[in-house]
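So this block is run36.tsv, TSV, N, CA and C atoms:
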```tsv
chain	number	residue	atom	x	y	z
A	1	MET	N	-68.47	77.34	-41.47
A	1	MET	CA	-69.27	76.58	-42.40
A	1	MET	C	-70.74	76.93	-42.19
A	2	ILE	N	-71.45	77.10	-43.28
A	2	ILE	CA	-72.89	77.37	-43.25
A	2	ILE	C	-73.61	76.13	-43.78
A	3	VAL	N	-74.47	75.56	-42.95
A	3	VAL	CA	-75.13	74.30	-43.27
A	3	VAL	C	-76.63	74.53	-43.44
A	4	GLY	N	-77.21	73.88	-44.44
A	4	GLY	CA	-78.65	73.88	-44.61
A	4	GLY	C	-79.23	72.58	-44.10
A	5	ASP	N	-80.16	72.66	-43.18
A	5	ASP	CA	-80.90	71.49	-42.69
A	5	ASP	C	-82.24	71.56	-43.40
A	6	LEU	N	-82.34	70.86	-44.51
A	6	LEU	CA	-83.50	70.96	-45.40
A	6	LEU	C	-84.51	69.87	-45.06
A	7	GLY	N	-85.70	70.29	-44.68
A	7	GLY	CA	-86.69	69.36	-44.12
A	7	GLY	C	-86.36	69.16	-42.66
A	8	CYS	N	-86.16	70.26	-41.95
A	8	CYS	CA	-85.62	70.22	-40.58
A	8	CYS	C	-86.55	69.65	-39.53
A	9	GLY	N	-87.85	69.57	-39.84
A	9	GLY	CA	-88.78	69.04	-38.84
A	9	GLY	C	-88.73	69.83	-37.56
A	10	THR	N	-88.56	69.15	-36.44
A	10	THR	CA	-88.57	69.81	-35.13
A	10	THR	C	-87.21	70.38	-34.73
A	11	GLY	N	-86.22	70.28	-35.61
A	11	GLY	CA	-84.94	70.93	-35.39
A	11	GLY	C	-83.88	70.14	-34.65
A	12	SER	N	-84.04	68.84	-34.52
A	12	SER	CA	-83.05	68.07	-33.75
A	12	SER	C	-81.68	68.07	-34.42
A	13	LEU	N	-81.61	67.95	-35.74
A	13	LEU	CA	-80.32	67.98	-36.43
A	13	LEU	C	-79.73	69.38	-36.37
A	14	ALA	N	-80.55	70.40	-36.59
A	14	ALA	CA	-80.07	71.78	-36.51
A	14	ALA	C	-79.44	72.06	-35.15
A	15	LEU	N	-80.06	71.57	-34.10
A	15	LEU	CA	-79.52	71.74	-32.75
A	15	LEU	C	-78.17	71.05	-32.62
A	16	ALA	N	-78.07	69.82	-33.10
A	16	ALA	CA	-76.82	69.07	-33.01
A	16	ALA	C	-75.70	69.75	-33.80
A	17	LEU	N	-76.03	70.35	-34.92
A	17	LEU	CA	-75.02	71.00	-35.76
A	17	LEU	C	-74.65	72.39	-35.27
A	18	SER	N	-75.56	73.07	-34.62
A	18	SER	CA	-75.41	74.50	-34.33
A	18	SER	C	-74.16	74.87	-33.53
A	19	ASN	N	-73.69	73.99	-32.70
A	19	ASN	CA	-72.50	74.30	-31.89
A	19	ASN	C	-71.19	74.01	-32.62
A	20	HIS	N	-71.29	73.53	-33.87
A	20	HIS	CA	-70.09	73.14	-34.61
A	20	HIS	C	-69.91	73.91	-35.91
A	21	VAL	N	-70.84	74.79	-36.23
A	21	VAL	CA	-70.79	75.52	-37.50
A	21	VAL	C	-71.07	77.00	-37.26
A	22	VAL	N	-70.79	77.81	-38.25
A	22	VAL	CA	-71.06	79.25	-38.14
A	22	VAL	C	-72.56	79.50	-38.11
A	23	ALA	N	-73.29	78.82	-39.00
A	23	ALA	CA	-74.74	79.03	-39.08
A	23	ALA	C	-75.43	77.81	-39.65
A	24	VAL	N	-76.69	77.65	-39.25
A	24	VAL	CA	-77.55	76.61	-39.81
A	24	VAL	C	-78.80	77.31	-40.34
A	25	HIS	N	-79.10	77.05	-41.60
A	25	HIS	CA	-80.35	77.52	-42.20
A	25	HIS	C	-81.28	76.31	-42.24
A	26	ALA	N	-82.31	76.31	-41.40
A	26	ALA	CA	-83.23	75.19	-41.28
A	26	ALA	C	-84.53	75.54	-41.99
A	27	VAL	N	-84.92	74.68	-42.94
A	27	VAL	CA	-86.11	74.93	-43.77
A	27	VAL	C	-87.07	73.76	-43.63
A	28	ASP	N	-88.36	74.06	-43.49
A	28	ASP	CA	-89.39	73.03	-43.48
A	28	ASP	C	-90.67	73.62	-44.04
A	29	GLY	N	-91.49	72.78	-44.62
A	29	GLY	CA	-92.76	73.23	-45.20
A	29	GLY	C	-93.91	73.22	-44.22
A	30	SER	N	-93.69	72.71	-43.03
A	30	SER	CA	-94.76	72.59	-42.04
A	30	SER	C	-94.63	73.65	-40.95
A	31	ALA	N	-95.65	74.49	-40.83
A	31	ALA	CA	-95.65	75.51	-39.78
A	31	ALA	C	-95.62	74.87	-38.40
A	32	ALA	N	-96.29	73.74	-38.23
A	32	ALA	CA	-96.31	73.06	-36.94
A	32	ALA	C	-94.92	72.54	-36.56
A	33	MET	N	-94.22	71.97	-37.52
A	33	MET	CA	-92.86	71.49	-37.26
A	33	MET	C	-91.94	72.66	-36.92
A	34	LEU	N	-92.07	73.76	-37.65
A	34	LEU	CA	-91.23	74.93	-37.39
A	34	LEU	C	-91.52	75.55	-36.02
A	35	LEU	N	-92.75	75.48	-35.58
A	35	LEU	CA	-93.09	75.97	-34.24
A	35	LEU	C	-92.34	75.16	-33.19
A	36	ALA	N	-92.35	73.84	-33.36
A	36	ALA	CA	-91.61	72.98	-32.43
A	36	ALA	C	-90.11	73.24	-32.52
A	37	ALA	N	-89.60	73.45	-33.74
A	37	ALA	CA	-88.18	73.75	-33.93
A	37	ALA	C	-87.83	75.08	-33.27
A	38	ARG	N	-88.70	76.07	-33.43
A	38	ARG	CA	-88.45	77.39	-32.84
A	38	ARG	C	-88.30	77.28	-31.32
A	39	THR	N	-89.12	76.45	-30.70
A	39	THR	CA	-89.03	76.23	-29.26
A	39	THR	C	-87.71	75.54	-28.90
A	40	ARG	N	-87.38	74.48	-29.63
A	40	ARG	CA	-86.16	73.72	-29.37
A	40	ARG	C	-84.92	74.57	-29.57
A	41	LEU	N	-84.95	75.46	-30.56
A	41	LEU	CA	-83.75	76.20	-30.96
A	41	LEU	C	-83.71	77.64	-30.43
A	42	ALA	N	-84.56	77.95	-29.48
A	42	ALA	CA	-84.67	79.32	-28.97
A	42	ALA	C	-83.34	79.88	-28.46
A	43	ASP	N	-82.47	79.03	-27.96
A	43	ASP	CA	-81.18	79.49	-27.42
A	43	ASP	C	-80.03	79.35	-28.41
A	44	GLN	N	-80.36	79.15	-29.68
A	44	GLN	CA	-79.33	78.98	-30.71
A	44	GLN	C	-79.40	80.15	-31.69
A	45	PRO	N	-78.67	81.23	-31.42
A	45	PRO	CA	-78.77	82.42	-32.26
A	45	PRO	C	-78.23	82.24	-33.68
A	46	ASN	N	-77.47	81.19	-33.92
A	46	ASN	CA	-76.91	80.97	-35.26
A	46	ASN	C	-77.78	80.06	-36.13
A	47	VAL	N	-79.00	79.77	-35.68
A	47	VAL	CA	-79.93	78.97	-36.48
A	47	VAL	C	-81.04	79.88	-37.00
A	48	VAL	N	-81.21	79.87	-38.33
A	48	VAL	CA	-82.26	80.65	-38.98
A	48	VAL	C	-83.31	79.67	-39.48
A	49	LEU	N	-84.55	79.85	-39.04
A	49	LEU	CA	-85.66	78.98	-39.45
A	49	LEU	C	-86.46	79.66	-40.56
A	50	SER	N	-86.79	78.89	-41.60
A	50	SER	CA	-87.59	79.42	-42.71
A	50	SER	C	-88.64	78.40	-43.11
A	51	GLU	N	-89.84	78.89	-43.36
A	51	GLU	CA	-90.89	78.03	-43.91
A	51	GLU	C	-90.80	78.10	-45.42
A	52	GLY	N	-90.81	76.93	-46.05
A	52	GLY	CA	-90.74	76.93	-47.51
A	52	GLY	C	-90.72	75.53	-48.07
A	53	SER	N	-90.98	75.45	-49.34
A	53	SER	CA	-90.99	74.19	-50.07
A	53	SER	C	-89.57	73.74	-50.37
A	54	LEU	N	-89.30	72.46	-50.21
A	54	LEU	CA	-87.99	71.93	-50.56
A	54	LEU	C	-87.80	71.88	-52.06
A	55	GLU	N	-88.91	71.89	-52.80
A	55	GLU	CA	-88.84	71.89	-54.26
A	55	GLU	C	-88.53	73.28	-54.82
A	56	ALA	N	-88.66	74.30	-54.00
A	56	ALA	CA	-88.34	75.69	-54.38
A	56	ALA	C	-87.82	76.38	-53.12
A	57	LEU	N	-86.59	76.08	-52.78
A	57	LEU	CA	-86.01	76.54	-51.51
A	57	LEU	C	-85.99	78.06	-51.39
A	58	PRO	N	-86.26	78.56	-50.19
A	58	PRO	CA	-86.18	80.00	-49.95
A	58	PRO	C	-84.74	80.43	-49.65
A	59	LEU	N	-83.79	79.89	-50.40
A	59	LEU	CA	-82.37	80.18	-50.22
A	59	LEU	C	-81.75	80.51	-51.58
A	60	ALA	N	-80.80	81.42	-51.58
A	60	ALA	CA	-80.10	81.76	-52.82
A	60	ALA	C	-79.17	80.63	-53.22
A	61	ASP	N	-78.93	80.50	-54.51
A	61	ASP	CA	-77.96	79.52	-54.99
A	61	ASP	C	-76.60	79.79	-54.37
A	62	ALA	N	-75.90	78.73	-54.02
A	62	ALA	CA	-74.56	78.78	-53.44
A	62	ALA	C	-74.51	79.55	-52.12
A	63	SER	N	-75.62	79.60	-51.40
A	63	SER	CA	-75.65	80.30	-50.10
A	63	SER	C	-75.23	79.39	-48.95
A	64	LEU	N	-75.11	78.10	-49.21
A	64	LEU	CA	-74.73	77.13	-48.18
A	64	LEU	C	-73.40	76.49	-48.55
A	65	ASP	N	-72.67	76.05	-47.54
A	65	ASP	CA	-71.49	75.23	-47.80
A	65	ASP	C	-71.89	73.77	-47.98
A	66	VAL	N	-72.88	73.35	-47.21
A	66	VAL	CA	-73.36	71.97	-47.24
A	66	VAL	C	-74.87	71.96	-47.06
A	67	ALA	N	-75.55	71.13	-47.81
A	67	ALA	CA	-76.99	70.93	-47.65
A	67	ALA	C	-77.22	69.51	-47.14
A	68	VAL	N	-78.00	69.40	-46.07
A	68	VAL	CA	-78.30	68.09	-45.48
A	68	VAL	C	-79.80	67.84	-45.57
A	69	LEU	N	-80.16	66.68	-46.10
A	69	LEU	CA	-81.55	66.22	-46.11
A	69	LEU	C	-81.56	64.88	-45.38
A	70	MET	N	-82.11	64.86	-44.19
A	70	MET	CA	-82.08	63.62	-43.40
A	70	MET	C	-83.50	63.13	-43.16
A	71	LEU	N	-83.77	61.94	-43.66
A	71	LEU	CA	-85.08	61.30	-43.48
A	71	LEU	C	-86.22	62.20	-43.97
A	72	VAL	N	-86.03	62.77	-45.14
A	72	VAL	CA	-87.04	63.70	-45.65
A	72	VAL	C	-87.51	63.36	-47.06
A	73	LEU	N	-86.68	62.72	-47.87
A	73	LEU	CA	-87.03	62.53	-49.29
A	73	LEU	C	-88.30	61.71	-49.49
A	74	HIS	N	-88.61	60.83	-48.58
A	74	HIS	CA	-89.83	60.02	-48.71
A	74	HIS	C	-91.09	60.85	-48.42
A	75	HIS	N	-90.92	62.09	-47.95
A	75	HIS	CA	-92.06	62.97	-47.66
A	75	HIS	C	-92.40	63.91	-48.83
A	76	VAL	N	-91.58	63.92	-49.88
A	76	VAL	CA	-91.81	64.87	-50.97
A	76	VAL	C	-92.26	64.15	-52.23
A	77	ALA	N	-93.03	64.85	-53.04
A	77	ALA	CA	-93.58	64.27	-54.27
A	77	ALA	C	-92.52	64.11	-55.35
A	78	GLU	N	-91.54	65.04	-55.39
A	78	GLU	CA	-90.52	65.02	-56.44
A	78	GLU	C	-89.11	65.05	-55.84
A	79	PRO	N	-88.62	63.91	-55.36
A	79	PRO	CA	-87.29	63.89	-54.73
A	79	PRO	C	-86.19	64.42	-55.65
A	80	SER	N	-86.24	64.14	-56.93
A	80	SER	CA	-85.18	64.61	-57.82
A	80	SER	C	-85.15	66.13	-57.90
A	81	ARG	N	-86.30	66.75	-57.84
A	81	ARG	CA	-86.37	68.21	-57.85
A	81	ARG	C	-85.78	68.78	-56.55
A	82	VAL	N	-86.06	68.12	-55.43
A	82	VAL	CA	-85.51	68.54	-54.14
A	82	VAL	C	-83.99	68.43	-54.17
A	83	LEU	N	-83.47	67.35	-54.72
A	83	LEU	CA	-82.02	67.17	-54.80
A	83	LEU	C	-81.38	68.24	-55.68
A	84	ARG	N	-82.03	68.60	-56.78
A	84	ARG	CA	-81.51	69.68	-57.64
A	84	ARG	C	-81.45	70.99	-56.87
A	85	GLU	N	-82.51	71.28	-56.12
A	85	GLU	CA	-82.55	72.51	-55.31
A	85	GLU	C	-81.44	72.50	-54.26
A	86	ALA	N	-81.24	71.36	-53.61
A	86	ALA	CA	-80.21	71.25	-52.57
A	86	ALA	C	-78.83	71.46	-53.17
A	87	ARG	N	-78.58	70.85	-54.32
A	87	ARG	CA	-77.28	71.02	-54.98
A	87	ARG	C	-77.05	72.47	-55.39
A	88	ALA	N	-78.10	73.13	-55.84
A	88	ALA	CA	-77.96	74.53	-56.24
A	88	ALA	C	-77.68	75.42	-55.03
A	89	ALA	N	-78.30	75.13	-53.91
A	89	ALA	CA	-78.11	75.95	-52.71
A	89	ALA	C	-76.75	75.72	-52.07
A	90	ALA	N	-76.18	74.54	-52.25
A	90	ALA	CA	-74.90	74.20	-51.62
A	90	ALA	C	-73.75	74.44	-52.58
A	91	ALA	N	-72.74	75.08	-52.07
A	91	ALA	CA	-71.54	75.36	-52.87
A	91	ALA	C	-70.47	74.34	-52.56
A	92	LEU	N	-70.85	73.09	-52.57
A	92	LEU	CA	-69.94	72.00	-52.20
A	92	LEU	C	-69.11	71.63	-53.43
A	93	THR	N	-67.87	72.11	-53.47
A	93	THR	CA	-67.07	71.93	-54.68
A	93	THR	C	-65.76	71.20	-54.44
A	94	HIS	N	-65.42	70.88	-53.20
A	94	HIS	CA	-64.16	70.19	-52.93
A	94	HIS	C	-64.17	68.82	-53.60
A	95	PRO	N	-63.07	68.41	-54.26
A	95	PRO	CA	-63.07	67.14	-55.00
A	95	PRO	C	-63.15	65.89	-54.13
A	96	ASN	N	-62.86	65.99	-52.84
A	96	ASN	CA	-62.86	64.82	-51.96
A	96	ASN	C	-64.09	64.78	-51.08
A	97	THR	N	-65.23	65.19	-51.59
A	97	THR	CA	-66.47	65.18	-50.82
A	97	THR	C	-67.50	64.30	-51.49
A	98	VAL	N	-68.40	63.79	-50.68
A	98	VAL	CA	-69.53	63.01	-51.17
A	98	VAL	C	-70.78	63.60	-50.54
A	99	THR	N	-71.79	63.82	-51.33
A	99	THR	CA	-73.05	64.31	-50.81
A	99	THR	C	-73.92	63.10	-50.50
A	100	ILE	N	-74.35	62.98	-49.23
A	100	ILE	CA	-75.15	61.83	-48.82
A	100	ILE	C	-76.51	62.31	-48.34
A	101	PHE	N	-77.55	61.65	-48.80
A	101	PHE	CA	-78.92	62.00	-48.43
A	101	PHE	C	-79.60	60.81	-47.79
A	102	ASP	N	-80.43	61.07	-46.79
A	102	ASP	CA	-81.27	60.06	-46.14
A	102	ASP	C	-80.51	58.82	-45.69
A	103	VAL	N	-79.96	58.92	-44.54
A	103	VAL	CA	-79.21	57.81	-43.95
A	103	VAL	C	-79.80	57.51	-42.57
A	104	GLY	N	-80.03	56.25	-42.28
A	104	GLY	CA	-80.43	55.88	-40.93
A	104	GLY	C	-81.75	55.16	-40.83
A	105	GLU	N	-82.38	55.34	-39.69
A	105	GLU	CA	-83.60	54.61	-39.38
A	105	GLU	C	-84.62	55.57	-38.78
A	106	ALA	N	-85.87	55.38	-39.16
A	106	ALA	CA	-86.95	56.17	-38.60
A	106	ALA	C	-88.16	55.28	-38.41
A	107	ASP	N	-88.75	55.35	-37.26
A	107	ASP	CA	-89.94	54.55	-36.96
A	107	ASP	C	-89.72	53.07	-37.25
A	108	GLY	N	-88.52	52.60	-36.94
A	108	GLY	CA	-88.23	51.18	-37.11
A	108	GLY	C	-87.95	50.75	-38.54
A	109	GLU	N	-87.95	51.70	-39.48
A	109	GLU	CA	-87.68	51.36	-40.88
A	109	GLU	C	-86.28	51.84	-41.25
A	110	ALA	N	-85.48	50.96	-41.82
A	110	ALA	CA	-84.12	51.30	-42.20
A	110	ALA	C	-84.11	52.11	-43.48
A	111	GLY	N	-83.14	53.02	-43.56
A	111	GLY	CA	-82.95	53.81	-44.77
A	111	GLY	C	-81.69	53.38	-45.47
A	112	THR	N	-81.45	53.92	-46.63
A	112	THR	CA	-80.21	53.63	-47.35
A	112	THR	C	-79.46	54.93	-47.55
A	113	ALA	N	-78.17	54.82	-47.77
A	113	ALA	CA	-77.35	55.99	-48.06
A	113	ALA	C	-77.38	56.22	-49.56
A	114	VAL	N	-77.68	57.44	-49.95
A	114	VAL	CA	-77.74	57.77	-51.37
A	114	VAL	C	-76.82	58.95	-51.62
A	115	ALA	N	-75.88	58.80	-52.55
A	115	ALA	CA	-74.98	59.90	-52.91
A	115	ALA	C	-75.16	60.18	-54.39
A	116	ASP	N	-75.61	61.39	-54.67
A	116	ASP	CA	-75.84	61.81	-56.05
A	116	ASP	C	-76.63	60.77	-56.84
A	117	GLY	N	-77.63	60.19	-56.21
A	117	GLY	CA	-78.53	59.27	-56.89
A	117	GLY	C	-78.08	57.82	-56.91
A	118	ALA	N	-76.87	57.51	-56.41
A	118	ALA	CA	-76.37	56.14	-56.42
A	118	ALA	C	-76.59	55.52	-55.05
A	119	ASP	N	-77.12	54.30	-55.01
A	119	ASP	CA	-77.36	53.59	-53.75
A	119	ASP	C	-76.02	53.07	-53.22
A	120	LEU	N	-75.56	53.63	-52.13
A	120	LEU	CA	-74.26	53.25	-51.56
A	120	LEU	C	-74.28	51.93	-50.81
A	121	CYS	N	-75.47	51.45	-50.50
A	121	CYS	CA	-75.57	50.22	-49.71
A	121	CYS	C	-75.93	49.01	-50.57
A	122	GLY	N	-75.98	49.18	-51.86
A	122	GLY	CA	-76.29	48.06	-52.74
A	122	GLY	C	-77.63	47.42	-52.44
A	123	GLY	N	-78.58	48.20	-51.94
A	123	GLY	CA	-79.90	47.69	-51.61
A	123	GLY	C	-79.96	47.06	-50.23
A	124	ASN	N	-78.84	46.98	-49.54
A	124	ASN	CA	-78.81	46.40	-48.19
A	124	ASN	C	-79.40	47.36	-47.19
A	125	VAL	N	-79.96	46.80	-46.15
A	125	VAL	CA	-80.52	47.60	-45.07
A	125	VAL	C	-79.37	48.08	-44.19
A	126	LEU	N	-79.38	49.37	-43.84
A	126	LEU	CA	-78.36	49.88	-42.94
A	126	LEU	C	-78.42	49.16	-41.62
A	127	GLY	N	-77.27	48.78	-41.11
A	127	GLY	CA	-77.20	48.09	-39.83
A	127	GLY	C	-77.53	46.61	-39.96
A	128	GLY	N	-77.85	46.16	-41.15
A	128	GLY	CA	-78.21	44.76	-41.36
A	128	GLY	C	-77.00	43.90	-41.57
A	129	PRO	N	-77.22	42.65	-41.91
A	129	PRO	CA	-76.10	41.72	-42.10
A	129	PRO	C	-75.25	42.06	-43.29
```
As structure tokens, the full file:
Amino acid sequence: MIVGDLGCGTGSLALALSNHVVAVHAVDGSAAMLLAARTRLADQPNVVLSEGSLEALPLADASLDVAVLMLVLHHVAEPSRVLREARAAAALTHPNTVTIFDVGEADGEAGTAVADGADLCGGNVLGGP
């Protein structure tokens, strides 16, 4: 499986995925974040780091099996454009799959699970009551 870690930041997700997949293509728009990722991922030969805009990914269409965007959509000006790019890059066609974006917590703020634009948590805070 070839996974795209889109908005990879310092590479923590790419590192976690790298031992379970054939390859990880990690993309971020920040040279500083990629420098930190390059250090973290130096021993992971199956991780390819690329600097680029999430709104115009430096990846060919259908070059990924799965595209992951974790805690990144709130950093971009046009989230819908980023999602279109991610869908184009990922060749996720199995009928029993769900694409989930931005799940979890960052800096003490809860996120919601979003699949193809639908709020899976009904507006509830993840981990909440």
Can you pull out every residue within 12 Å of stretch 50-60 of chain A, counting only C-alpha atoms, but drop anything in the same chain fewer than 2 positions away, and send it as a PyMOL selection string?
-> chain A and resi 3-9+11+24-35+37-38+47-48+62-65+67-69+72-73+75-91
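One finds atom N of A:Met1 at 23.8 Å from atom C of A:Ala36.
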For atom C of A:Val66 and atom N of A:Ala23, quote the distance in Å rounded to one decimal.
-> 10.7 Å
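Coordinates place atom CA of A:Leu41 at a distance of 7.3 Å from atom C of A:Ala14.
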Which of A:Met70, A:Asp61, A:Thr39, A:Asn46 sits closest to A:Ser18 [using only N, CA and C atoms] | A:Asn46
Give, as JSON, the centre coordinates and the x, y and z edge lengths in Å to one decimal for an axis-aligned box around all listed atoms of stretch 67-80 of chain A, padded by 3 Å on each side.
```
{"center_x": -84.6, "center_y": 65.6, "center_z": -50.5, "size_x": 24.0, "size_y": 17.1, "size_z": 20.7}
```
Go through stretch 31-84 of chain A and collect every residue that DSSP, computed from the backbone, puts in strand (DSSP E); the answer should be as an MDAnalysis selection string.
-> chainID A and resid 47:51 66:68
Those same residues, written as a PDB file, keeping the file's coordinate frame with N, CA and C atoms?
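And here's again31.pdb as it stands now:
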```pdb
ATOM      1  N   VAL A  47     -79.000  79.770 -35.680  1.00  0.00           N
ATOM      2  CA  VAL A  47     -79.930  78.970 -36.480  1.00  0.00           C
ATOM      3  C   VAL A  47     -81.040  79.880 -37.000  1.00  0.00           C
ATOM      4  N   VAL A  48     -81.210  79.870 -38.330  1.00  0.00           N
ATOM      5  CA  VAL A  48     -82.260  80.650 -38.980  1.00  0.00           C
ATOM      6  C   VAL A  48     -83.310  79.670 -39.480  1.00  0.00           C
ATOM      7  N   LEU A  49     -84.550  79.850 -39.040  1.00  0.00           N
ATOM      8  CA  LEU A  49     -85.660  78.980 -39.450  1.00  0.00           C
ATOM      9  C   LEU A  49     -86.460  79.660 -40.560  1.00  0.00           C
ATOM     10  N   SER A  50     -86.790  78.890 -41.600  1.00  0.00           N
ATOM     11  CA  SER A  50     -87.590  79.420 -42.710  1.00  0.00           C
ATOM     12  C   SER A  50     -88.640  78.400 -43.110  1.00  0.00           C
ATOM     13  N   GLU A  51     -89.840  78.890 -43.360  1.00  0.00           N
ATOM     14  CA  GLU A  51     -90.890  78.030 -43.910  1.00  0.00           C
ATOM     15  C   GLU A  51     -90.800  78.100 -45.420  1.00  0.00           C
ATOM     16  N   VAL A  66     -72.880  73.350 -47.210  1.00  0.00           N
ATOM     17  CA  VAL A  66     -73.360  71.970 -47.240  1.00  0.00           C
ATOM     18  C   VAL A  66     -74.870  71.960 -47.060  1.00  0.00           C
ATOM     19  N   ALA A  67     -75.550  71.130 -47.810  1.00  0.00           N
ATOM     20  CA  ALA A  67     -76.990  70.930 -47.650  1.00  0.00           C
ATOM     21  C   ALA A  67     -77.220  69.510 -47.140  1.00  0.00           C
ATOM     22  N   VAL A  68     -78.000  69.400 -46.070  1.00  0.00           N
ATOM     23  CA  VAL A  68     -78.300  68.090 -45.480  1.00  0.00           C
ATOM     24  C   VAL A  68     -79.800  67.840 -45.570  1.00  0.00           C
TER      25      VAL A  68
END
```
From a backbone DSSP assignment, name each residue in stretch 26-106 of chain A labelled helix (DSSP H, G or I), as a PDB file with N, CA and C atoms, in the coordinates of the input.
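part_26.pdb, written as the output of this step:
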```pdb
ATOM      1  N   ALA A  31     -95.650  74.490 -40.830  1.00  0.00           N
ATOM      2  CA  ALA A  31     -95.650  75.510 -39.780  1.00  0.00           C
ATOM      3  C   ALA A  31     -95.620  74.870 -38.400  1.00  0.00           C
ATOM      4  N   ALA A  32     -96.290  73.740 -38.230  1.00  0.00           N
ATOM      5  CA  ALA A  32     -96.310  73.060 -36.940  1.00  0.00           C
ATOM      6  C   ALA A  32     -94.920  72.540 -36.560  1.00  0.00           C
ATOM      7  N   MET A  33     -94.220  71.970 -37.520  1.00  0.00           N
ATOM      8  CA  MET A  33     -92.860  71.490 -37.260  1.00  0.00           C
ATOM      9  C   MET A  33     -91.940  72.660 -36.920  1.00  0.00           C
ATOM     10  N   LEU A  34     -92.070  73.760 -37.650  1.00  0.00           N
ATOM     11  CA  LEU A  34     -91.230  74.930 -37.390  1.00  0.00           C
ATOM     12  C   LEU A  34     -91.520  75.550 -36.020  1.00  0.00           C
ATOM     13  N   LEU A  35     -92.750  75.480 -35.580  1.00  0.00           N
ATOM     14  CA  LEU A  35     -93.090  75.970 -34.240  1.00  0.00           C
ATOM     15  C   LEU A  35     -92.340  75.160 -33.190  1.00  0.00           C
ATOM     16  N   ALA A  36     -92.350  73.840 -33.360  1.00  0.00           N
ATOM     17  CA  ALA A  36     -91.610  72.980 -32.430  1.00  0.00           C
ATOM     18  C   ALA A  36     -90.110  73.240 -32.520  1.00  0.00           C
ATOM     19  N   ALA A  37     -89.600  73.450 -33.740  1.00  0.00           N
ATOM     20  CA  ALA A  37     -88.180  73.750 -33.930  1.00  0.00           C
ATOM     21  C   ALA A  37     -87.830  75.080 -33.270  1.00  0.00           C
ATOM     22  N   ARG A  38     -88.700  76.070 -33.430  1.00  0.00           N
ATOM     23  CA  ARG A  38     -88.450  77.390 -32.840  1.00  0.00           C
ATOM     24  C   ARG A  38     -88.300  77.280 -31.320  1.00  0.00           C
ATOM     25  N   THR A  39     -89.120  76.450 -30.700  1.00  0.00           N
ATOM     26  CA  THR A  39     -89.030  76.230 -29.260  1.00  0.00           C
ATOM     27  C   THR A  39     -87.710  75.540 -28.900  1.00  0.00           C
ATOM     28  N   ARG A  40     -87.380  74.480 -29.630  1.00  0.00           N
ATOM     29  CA  ARG A  40     -86.160  73.720 -29.370  1.00  0.00           C
ATOM     30  C   ARG A  40     -84.920  74.570 -29.570  1.00  0.00           C
ATOM     31  N   LEU A  73     -86.680  62.720 -47.870  1.00  0.00           N
ATOM     32  CA  LEU A  73     -87.030  62.530 -49.290  1.00  0.00           C
ATOM     33  C   LEU A  73     -88.300  61.710 -49.490  1.00  0.00           C
ATOM     34  N   HIS A  74     -88.610  60.830 -48.580  1.00  0.00           N
ATOM     35  CA  HIS A  74     -89.830  60.020 -48.710  1.00  0.00           C
ATOM     36  C   HIS A  74     -91.090  60.850 -48.420  1.00  0.00           C
ATOM     37  N   HIS A  75     -90.920  62.090 -47.950  1.00  0.00           N
ATOM     38  CA  HIS A  75     -92.060  62.970 -47.660  1.00  0.00           C
ATOM     39  C   HIS A  75     -92.400  63.910 -48.830  1.00  0.00           C
ATOM     40  N   PRO A  79     -88.620  63.910 -55.360  1.00  0.00           N
ATOM     41  CA  PRO A  79     -87.290  63.890 -54.730  1.00  0.00           C
ATOM     42  C   PRO A  79     -86.190  64.420 -55.650  1.00  0.00           C
ATOM     43  N   SER A  80     -86.240  64.140 -56.930  1.00  0.00           N
ATOM     44  CA  SER A  80     -85.180  64.610 -57.820  1.00  0.00           C
ATOM     45  C   SER A  80     -85.150  66.130 -57.900  1.00  0.00           C
ATOM     46  N   ARG A  81     -86.300  66.750 -57.840  1.00  0.00           N
ATOM     47  CA  ARG A  81     -86.370  68.210 -57.850  1.00  0.00           C
ATOM     48  C   ARG A  81     -85.780  68.780 -56.550  1.00  0.00           C
ATOM     49  N   VAL A  82     -86.060  68.120 -55.430  1.00  0.00           N
ATOM     50  CA  VAL A  82     -85.510  68.540 -54.140  1.00  0.00           C
ATOM     51  C   VAL A  82     -83.990  68.430 -54.170  1.00  0.00           C
ATOM     52  N   LEU A  83     -83.470  67.350 -54.720  1.00  0.00           N
ATOM     53  CA  LEU A  83     -82.020  67.170 -54.800  1.00  0.00           C
ATOM     54  C   LEU A  83     -81.380  68.240 -55.680  1.00  0.00           C
ATOM     55  N   ARG A  84     -82.030  68.600 -56.780  1.00  0.00           N
ATOM     56  CA  ARG A  84     -81.510  69.680 -57.640  1.00  0.00           C
ATOM     57  C   ARG A  84     -81.450  70.990 -56.870  1.00  0.00           C
ATOM     58  N   GLU A  85     -82.510  71.280 -56.120  1.00  0.00           N
ATOM     59  CA  GLU A  85     -82.550  72.510 -55.310  1.00  0.00           C
ATOM     60  C   GLU A  85     -81.440  72.500 -54.260  1.00  0.00           C
ATOM     61  N   ALA A  86     -81.240  71.360 -53.610  1.00  0.00           N
ATOM     62  CA  ALA A  86     -80.210  71.250 -52.570  1.00  0.00           C
ATOM     63  C   ALA A  86     -78.830  71.460 -53.170  1.00  0.00           C
ATOM     64  N   ARG A  87     -78.580  70.850 -54.320  1.00  0.00           N
ATOM     65  CA  ARG A  87     -77.280  71.020 -54.980  1.00  0.00           C
ATOM     66  C   ARG A  87     -77.050  72.470 -55.390  1.00  0.00           C
ATOM     67  N   ALA A  88     -78.100  73.130 -55.840  1.00  0.00           N
ATOM     68  CA  ALA A  88     -77.960  74.530 -56.240  1.00  0.00           C
ATOM     69  C   ALA A  88     -77.680  75.420 -55.030  1.00  0.00           C
ATOM     70  N   ALA A  89     -78.300  75.130 -53.910  1.00  0.00           N
ATOM     71  CA  ALA A  89     -78.110  75.950 -52.710  1.00  0.00           C
ATOM     72  C   ALA A  89     -76.750  75.720 -52.070  1.00  0.00           C
TER      73      ALA A  89
END
```
